[in-house]
$ cat run16.pdb   # PDB, C-alpha atoms
ATOM      1  CA  MET A   1      83.446  -7.735 -50.641
ATOM      2  CA  THR A   2      81.671  -9.238 -53.627
ATOM      3  CA  ASN A   3      82.088  -8.057 -57.168
ATOM      4  CA  GLN A   4      78.544  -8.793 -58.275
ATOM      5  CA  ARG A   5      77.140  -7.171 -61.381
ATOM      6  CA  PRO A   6      73.754  -5.488 -61.041
ATOM      7  CA  HIS A   7      70.734  -7.446 -62.149
ATOM      8  CA  ARG A   8      68.961  -6.452 -65.354
ATOM      9  CA  VAL A   9      65.336  -5.934 -64.329
ATOM     10  CA  LEU A  10      62.433  -5.091 -66.626
ATOM     11  CA  VAL A  11      58.872  -4.634 -65.398
ATOM     12  CA  PHE A  12      56.130  -4.979 -68.013
ATOM     13  CA  THR A  13      53.098  -3.004 -66.853
ATOM     14  CA  THR A  14      49.929  -1.146 -67.749
ATOM     15  CA  PRO A  15      48.801   2.088 -66.048
ATOM     16  CA  THR A  16      45.598   0.538 -64.649
ATOM     17  CA  CYS A  17      47.153  -2.593 -63.118
ATOM     18  CA  PRO A  18      47.192  -2.530 -59.290
ATOM     19  CA  TRP A  19      49.576  -5.511 -59.072
ATOM     20  CA  CYS A  20      51.982  -3.670 -61.373
ATOM     21  CA  SER A  21      52.045  -0.767 -58.912
ATOM     22  CA  ARG A  22      52.695  -3.168 -56.039
ATOM     23  CA  ALA A  23      55.530  -4.885 -57.893
ATOM     24  CA  LYS A  24      57.198  -1.550 -58.713
ATOM     25  CA  SER A  25      56.763  -0.295 -55.141
ATOM     26  CA  TYR A  26      58.270  -3.505 -53.790
ATOM     27  CA  LEU A  27      61.306  -3.265 -56.070
ATOM     28  CA  ARG A  28      61.812   0.392 -55.124
ATOM     29  CA  SER A  29      61.561  -0.493 -51.411
ATOM     30  CA  LYS A  30      64.394  -2.989 -51.906
ATOM     31  CA  GLY A  31      66.537  -0.464 -53.813
ATOM     32  CA  VAL A  32      66.301  -2.441 -57.063
ATOM     33  CA  GLN A  33      66.744  -0.393 -60.230
ATOM     34  CA  PHE A  34      64.465  -1.434 -63.076
ATOM     35  CA  ARG A  35      63.199  -0.293 -66.438
ATOM     36  CA  GLU A  36      59.436  -0.097 -66.840
ATOM     37  CA  VAL A  37      57.819  -1.078 -70.129
ATOM     38  CA  ASP A  38      54.192   0.033 -70.546
ATOM     39  CA  VAL A  39      52.741  -2.575 -72.898
ATOM     40  CA  SER A  40      49.589  -0.475 -73.425
ATOM     41  CA  ARG A  41      51.744   2.180 -75.150
ATOM     42  CA  ASP A  42      54.219  -0.137 -76.863
ATOM     43  CA  PRO A  43      52.563  -2.728 -79.148
ATOM     44  CA  SER A  44      55.883  -4.324 -80.084
ATOM     45  CA  ALA A  45      56.706  -4.842 -76.394
ATOM     46  CA  ALA A  46      53.261  -6.401 -75.905
ATOM     47  CA  ARG A  47      53.916  -8.844 -78.773
ATOM     48  CA  ASP A  48      57.361  -9.618 -77.354
ATOM     49  CA  LEU A  49      55.826 -10.288 -73.939
ATOM     50  CA  VAL A  50      53.371 -12.782 -75.430
ATOM     51  CA  ARG A  51      56.211 -14.453 -77.335
ATOM     52  CA  ARG A  52      58.316 -14.787 -74.180
ATOM     53  CA  THR A  53      55.626 -15.790 -71.675
ATOM     54  CA  GLY A  54      52.749 -17.113 -73.768
ATOM     55  CA  GLN A  55      50.297 -14.627 -72.282
ATOM     56  CA  MET A  56      49.349 -10.956 -72.059
ATOM     57  CA  GLY A  57      48.972 -10.750 -68.276
ATOM     58  CA  VAL A  58      50.882  -8.094 -66.361
ATOM     59  CA  PRO A  59      52.889  -7.515 -64.337
ATOM     60  CA  VAL A  60      55.774  -9.509 -65.664
ATOM     61  CA  VAL A  61      59.031  -8.924 -63.835
ATOM     62  CA  GLU A  62      61.967 -10.067 -65.938
ATOM     63  CA  ILE A  63      65.211 -10.533 -64.011
ATOM     64  CA  ASP A  64      68.326 -11.288 -66.036
ATOM     65  CA  GLY A  65      66.162 -12.622 -68.869
ATOM     66  CA  ARG A  66      63.985 -14.852 -66.646
ATOM     67  CA  PRO A  67      60.311 -13.796 -66.646
ATOM     68  CA  ILE A  68      58.142 -13.993 -63.536
ATOM     69  CA  VAL A  69      54.452 -13.681 -64.392
ATOM     70  CA  GLY A  70      52.504 -11.818 -61.730
ATOM     71  CA  PHE A  71      53.784 -10.279 -58.521
ATOM     72  CA  ASP A  72      55.474 -13.377 -57.073
ATOM     73  CA  GLN A  73      57.545 -11.932 -54.239
ATOM     74  CA  PRO A  74      59.332 -15.199 -53.273
ATOM     75  CA  LYS A  75      60.517 -15.733 -56.866
ATOM     76  CA  ILE A  76      61.568 -12.100 -57.203
ATOM     77  CA  ASP A  77      63.517 -12.347 -53.946
ATOM     78  CA  ALA A  78      65.176 -15.595 -55.032
ATOM     79  CA  LEU A  79      66.302 -14.287 -58.433
ATOM     80  CA  LEU A  80      67.585 -11.060 -56.915
ATOM     81  CA  GLY A  81      69.268 -12.837 -54.009
ATOM     82  CA  LEU A  82      67.275 -10.854 -51.458
ATOM     83  CA  GLY A  83      66.792 -13.787 -49.107
ATOM     84  CA  GLY A  84      63.525 -15.240 -47.934
ATOM     85  CA  GLY A  85      62.627 -16.439 -51.425
ATOM     86  CA  ALA A  86      62.127 -20.003 -52.528
ATOM     87  CA  PRO A  87      64.851 -21.443 -54.728
ATOM     88  CA  VAL A  88      64.138 -21.027 -58.420
ATOM     89  CA  HIS A  89      65.206 -23.776 -60.813
TER
END
$ encode --input "run16.pdb" --output "structure tokens"
Amino acid sequence: MTNQRPHRVLVFTTPTCPWCSRAKSYLRSKGVQFREVDVSRDPSAARDLVRRTGQMGVPVVEIDGRPIVGFDQPKIDALLGLGGGAPVH
């Protein structure tokens, strides 16, 4: 039995972004809890996203402080330890 702490997952989205919906659906299908941040309603979060990633594109899935720009399932899997993902360095 492992004593692993849960991952801290944030998903930066907008309501009209189809890839955002896919990313959230994927995380839900894997039983991953996350907090959604709608950057269209939260200007300070939008500025923070640009500061962290250098761009305004969504979705950004941040896992334990490491941002993944776009819905990159192999990277998401690797950072969450879901298997099947490419190693992330």
$ residues_around --input "run16.pdb" --residues "Val37 (chain A)" --least-positions-apart "2" --cutoff "12 Å" --atoms "all atoms listed in the file" --output "number ranges by chain"
A: 9-15, 20, 24, 34-35, 39-46, 48-49, 58-62
$ resolve_selection --input "run16.pdb" --expression "the PyMOL selection byres ((chain A and resi 30) around 12)" --output "list in words"
Ala23, Lys24, Ser25, Tyr26, Leu27, Arg28, Ser29, Gly31, Val32, Gln33, Phe34, Gln73, Ile76, Asp77, Leu80, Gly81, Leu82 and Gly83 of chain A
$ axis_aligned_box --input "run16.pdb" --around "region 58-63 of chain A" --padding-each-side "4 Å" --output "JSON"
{"center_x": 58.0, "center_y": -9.0, "center_z": -65.1, "size_x": 22.3, "size_y": 11.0, "size_z": 10.5}
$ atom_distance --input "run16.pdb" --atom1 "CA of Glu36 (chain A)" --atom2 "CA of Leu79 (chain A)"
17.9 Å
$ closest_residue --input "run16.pdb" --among "A:Asp64, A:Asp38, A:Val69, A:Val50" --to "Thr16 (chain A)" --atoms "all atoms listed in the file"
A:Asp38
$ atom_distance --input "run16.pdb" --atom1 "CA of Gly70 (chain A)" --atom2 "CA of Arg51 (chain A)"
16.3 Å
$ residues_around --input "run16.pdb" --residues "Arg52 (chain A)" --least-positions-apart "6" --cutoff "10 Å" --atoms "all atoms listed in the file" --output "VMD selection string"
chain A and resid 46 65 to 67
$ write_last_selection --input "run16.pdb" --atoms "C-alpha atoms" --output "PDB file, in the frame of the given file"
ATOM      1  CA  ALA A  46      53.261  -6.401 -75.905  1.00  0.00           C
ATOM      2  CA  GLY A  65      66.162 -12.622 -68.869  1.00  0.00           C
ATOM      3  CA  ARG A  66      63.985 -14.852 -66.646  1.00  0.00           C
ATOM      4  CA  PRO A  67      60.311 -13.796 -66.646  1.00  0.00           C
TER       5      PRO A  67
END
$ atom_distance --input "run16.pdb" --atom1 "CA of Ile68 (chain A)" --atom2 "CA of Ser21 (chain A)"
15.3 Å
